[in-house]
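Working notes, structure below.
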Amino acid sequence: LSGITTIFPQSKSSVAAIKRNVFLVRTDLPESMKAILLQIAYQLEKNLGEEGRTAARYFSGIAAGGTGTAFLVRGEDGKVYAITNRHVLEYAETATLESHAENVHKHLRILCVDGDVDLAVLEFRGELSEDMGPLTLSTKLPDEATEVIAAGYPGLGDRPSWQITKGSISNNNVKSENLGAEHAFMQHSAQIDPGNSGGPLLAKVGKSYEVIGVNTLTIRQRQNTNMAIPARYVEKILKKAVAIQAMLKSEKKTTAALEKSARTLASELSNEHPN
């Protein structure tokens with residue numbers, strides 16, 4: 001399996017390294033959106049009683065902030081980004097990343113989303129130690145029967161909990177209208193649960209693990225039937241995020257230059273027309 005060519009060194013992705021690079025995602029919703037969602041929940045339970053209770057809990061849960069999984073990769077610009085599913089960030093304004101080591105990165109900006117492929121990219125402002133390094137993407141389609149692992153933060157009771165599971169690729173090119181997308185998925189048997197969405201699916205290459213996909217959904221009507229978005233789609237949206245980041249940086253520089261010019265002009269005018 002081949003990864004994205006980069007001049008930046010990648011750490012060897014042992015299981016410990018994977019754990020350091022996979023984060024719990026908590027969505028940060030605008031207060032106005034929270035109020036709307038809570039009002040919907042209240043009206044459902046008030047008007048529909050027991051029948052509306054399940055839906056009411058769903059909207060209350062979103063208002064409290066949804067959770068999922070994200071992982072770190074490096075873009076072509078050398079910067080580190082966090083990858084997750086778009087549906088994990090539903091209604092979110094920003095997102096917070098938390099690691100098992102209690103590293104917390106608050107209110108990260110959502111740079112790019114793709115509703116068709118259900119992927120999203122978050123900025124990452126944290127510092128990485130040498131042994132942490134981001135995970136490596138592998139855009140080559142894995143062979144069927146390839147052994148894989150899935151990592152993420154599914155719920156245990158009412159709290160997210162770290163989980164890593166093993167399985168294999170059952171079908172490396174699944175297309176079905178029933179999956180709600182036109183692109184192909186990879187089917188695998190590594191267990192995933194609610195909260196795993198956005199987490200990496202990895203395969204071992206030599207002594208390292210590389211990201212071959214993003215865990216997105218599971219088929220409840222069948223056993224061990226889980227779907228991941230191939231990493232080649234991650235590469236595409238990551239390039240978009242890099243372009244957006246460059247544009248934002250350019251706009252920031254332009255704004256700073258304009259503000260400096262405005263201050264200079266104001267000072268000159270003040271000197272020419274003293275009170």
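Note on naming: chains are A, B, ... as they come in the structure tokens, residues start from 1 per chain, ligands start from 1 in the order shown.
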Got a sec: who's within 12 Å of stretch 101-115 of chain A, counting only C-alpha atoms, leaving out chain neighbours fewer than 5 positions off, as a ChimeraX atom specification? /A:16,19-30,81-96,120-128,162,180-183,233-234,236-248
Produce a file of the selected residues containing C-alpha atoms, as a JSON list (two decimals), in the first residue's frame.
[["chain", "number", "residue", "atom", "x", "y", "z"],
["A", 16, "ALA", "CA", 0.10, 3.30, 20.60],
["A", 19, "LYS", "CA", -4.23, 5.99, 19.95],
["A", 20, "ARG", "CA", -2.31, 9.27, 20.17],
["A", 21, "ASN", "CA", -3.67, 10.42, 16.80],
["A", 22, "VAL", "CA", -7.33, 9.44, 17.17],
["A", 23, "PHE", "CA", -9.61, 11.86, 19.01],
["A", 24, "LEU", "CA", -13.11, 12.06, 20.41],
["A", 25, "VAL", "CA", -15.06, 14.80, 18.61],
["A", 26, "ARG", "CA", -17.59, 16.94, 20.47],
["A", 27, "THR", "CA", -19.63, 19.38, 18.41],
["A", 28, "ASP", "CA", -20.00, 23.00, 19.47],
["A", 29, "LEU", "CA", -23.45, 24.28, 18.51],
["A", 30, "PRO", "CA", -24.55, 27.92, 18.35],
["A", 81, "TYR", "CA", -5.63, 18.49, 9.89],
["A", 82, "ALA", "CA", -8.33, 16.40, 11.56],
["A", 83, "ILE", "CA", -10.56, 14.17, 9.44],
["A", 84, "THR", "CA", -14.06, 13.02, 10.42],
["A", 85, "ASN", "CA", -17.50, 12.35, 8.91],
["A", 86, "ARG", "CA", -19.68, 15.26, 7.87],
["A", 87, "HIS", "CA", -22.66, 13.81, 9.76],
["A", 88, "VAL", "CA", -20.64, 13.91, 12.99],
["A", 89, "LEU", "CA", -20.56, 17.70, 12.67],
["A", 90, "GLU", "CA", -24.28, 18.08, 11.92],
["A", 91, "TYR", "CA", -25.45, 21.60, 12.91],
["A", 92, "ALA", "CA", -22.03, 22.37, 14.46],
["A", 93, "GLU", "CA", -20.36, 25.77, 14.39],
["A", 94, "THR", "CA", -16.99, 24.47, 15.59],
["A", 95, "ALA", "CA", -15.77, 21.25, 17.22],
["A", 96, "THR", "CA", -13.62, 20.20, 20.17],
["A", 120, "ALA", "CA", -15.21, 16.85, 6.81],
["A", 121, "VAL", "CA", -11.88, 18.49, 7.64],
["A", 122, "LEU", "CA", -11.13, 20.43, 10.82],
["A", 123, "GLU", "CA", -8.22, 22.74, 11.43],
["A", 124, "PHE", "CA", -5.77, 21.56, 14.10],
["A", 125, "ARG", "CA", -3.95, 24.12, 16.22],
["A", 126, "GLY", "CA", -2.17, 21.83, 18.68],
["A", 127, "GLU", "CA", 1.53, 21.09, 18.82],
["A", 128, "LEU", "CA", 2.65, 17.55, 17.97],
["A", 162, "TRP", "CA", -11.77, 4.26, 23.49],
["A", 180, "GLY", "CA", -27.34, 6.49, 0.46],
["A", 181, "ALA", "CA", -24.30, 7.42, -1.62],
["A", 182, "GLU", "CA", -23.12, 7.09, -5.20],
["A", 183, "HIS", "CA", -19.47, 6.44, -4.32],
["A", 233, "TYR", "CA", -11.70, 10.47, -1.03],
["A", 234, "VAL", "CA", -9.94, 11.78, 2.08],
["A", 236, "LYS", "CA", -9.36, 14.84, -2.34],
["A", 237, "ILE", "CA", -11.10, 16.73, 0.45],
["A", 238, "LEU", "CA", -7.78, 17.30, 2.21],
["A", 239, "LYS", "CA", -6.50, 19.09, -0.88],
["A", 240, "LYS", "CA", -9.59, 21.33, -0.78],
["A", 241, "ALA", "CA", -8.96, 22.10, 2.88],
["A", 242, "VAL", "CA", -5.33, 23.02, 2.14],
["A", 243, "ALA", "CA", -6.52, 25.43, -0.57],
["A", 244, "ILE", "CA", -9.08, 26.98, 1.79],
["A", 245, "GLN", "CA", -6.45, 27.37, 4.51],
["A", 246, "ALA", "CA", -4.14, 29.13, 2.04],
["A", 247, "MET", "CA", -6.96, 31.46, 0.99],
["A", 248, "LEU", "CA", -7.78, 32.31, 4.61]]
Could you pull out the strand (DSSP E or B) residues of stretch 75-268 of chain A from DSSP and send them as number ranges by chain? A: 80-84, 94-98, 104-114, 119-123, 135, 137-138, 147-152, 155-156, 159-160, 163-174, 185-188, 200-205, 208-218, 226-230
Name the residues in contact with A:Glu147 at a cut-off of 7 Å, using only C-alpha atoms, excluding same-chain residues fewer than 2 positions from it; report them as a PyMOL selection string. chain A and resi 145+167-169+203
Save the residues we just selected, C-alpha atoms, as a short mmCIF file (atom, residue, chain, number, x, y, z; two decimals), in the first residue's frame?
data_model
loop_
_atom_site.label_atom_id
_atom_site.label_comp_id
_atom_site.auth_asym_id
_atom_site.auth_seq_id
_atom_site.Cartn_x
_atom_site.Cartn_y
_atom_site.Cartn_z
CA ALA A 145 -9.22 -10.50 3.12
CA GLY A 167 -11.38 -7.66 11.27
CA SER A 168 -10.75 -8.00 7.55
CA ILE A 169 -11.84 -6.50 4.24
CA ALA A 203 -4.14 -1.87 7.57
#
Got a sec: who's within 12 Å of A:Asp143, counting only C-alpha atoms, leaving out chain neighbours fewer than 4 positions off, as number ranges by chain? A: 1, 147-148, 168-173, 186-188, 203, 212
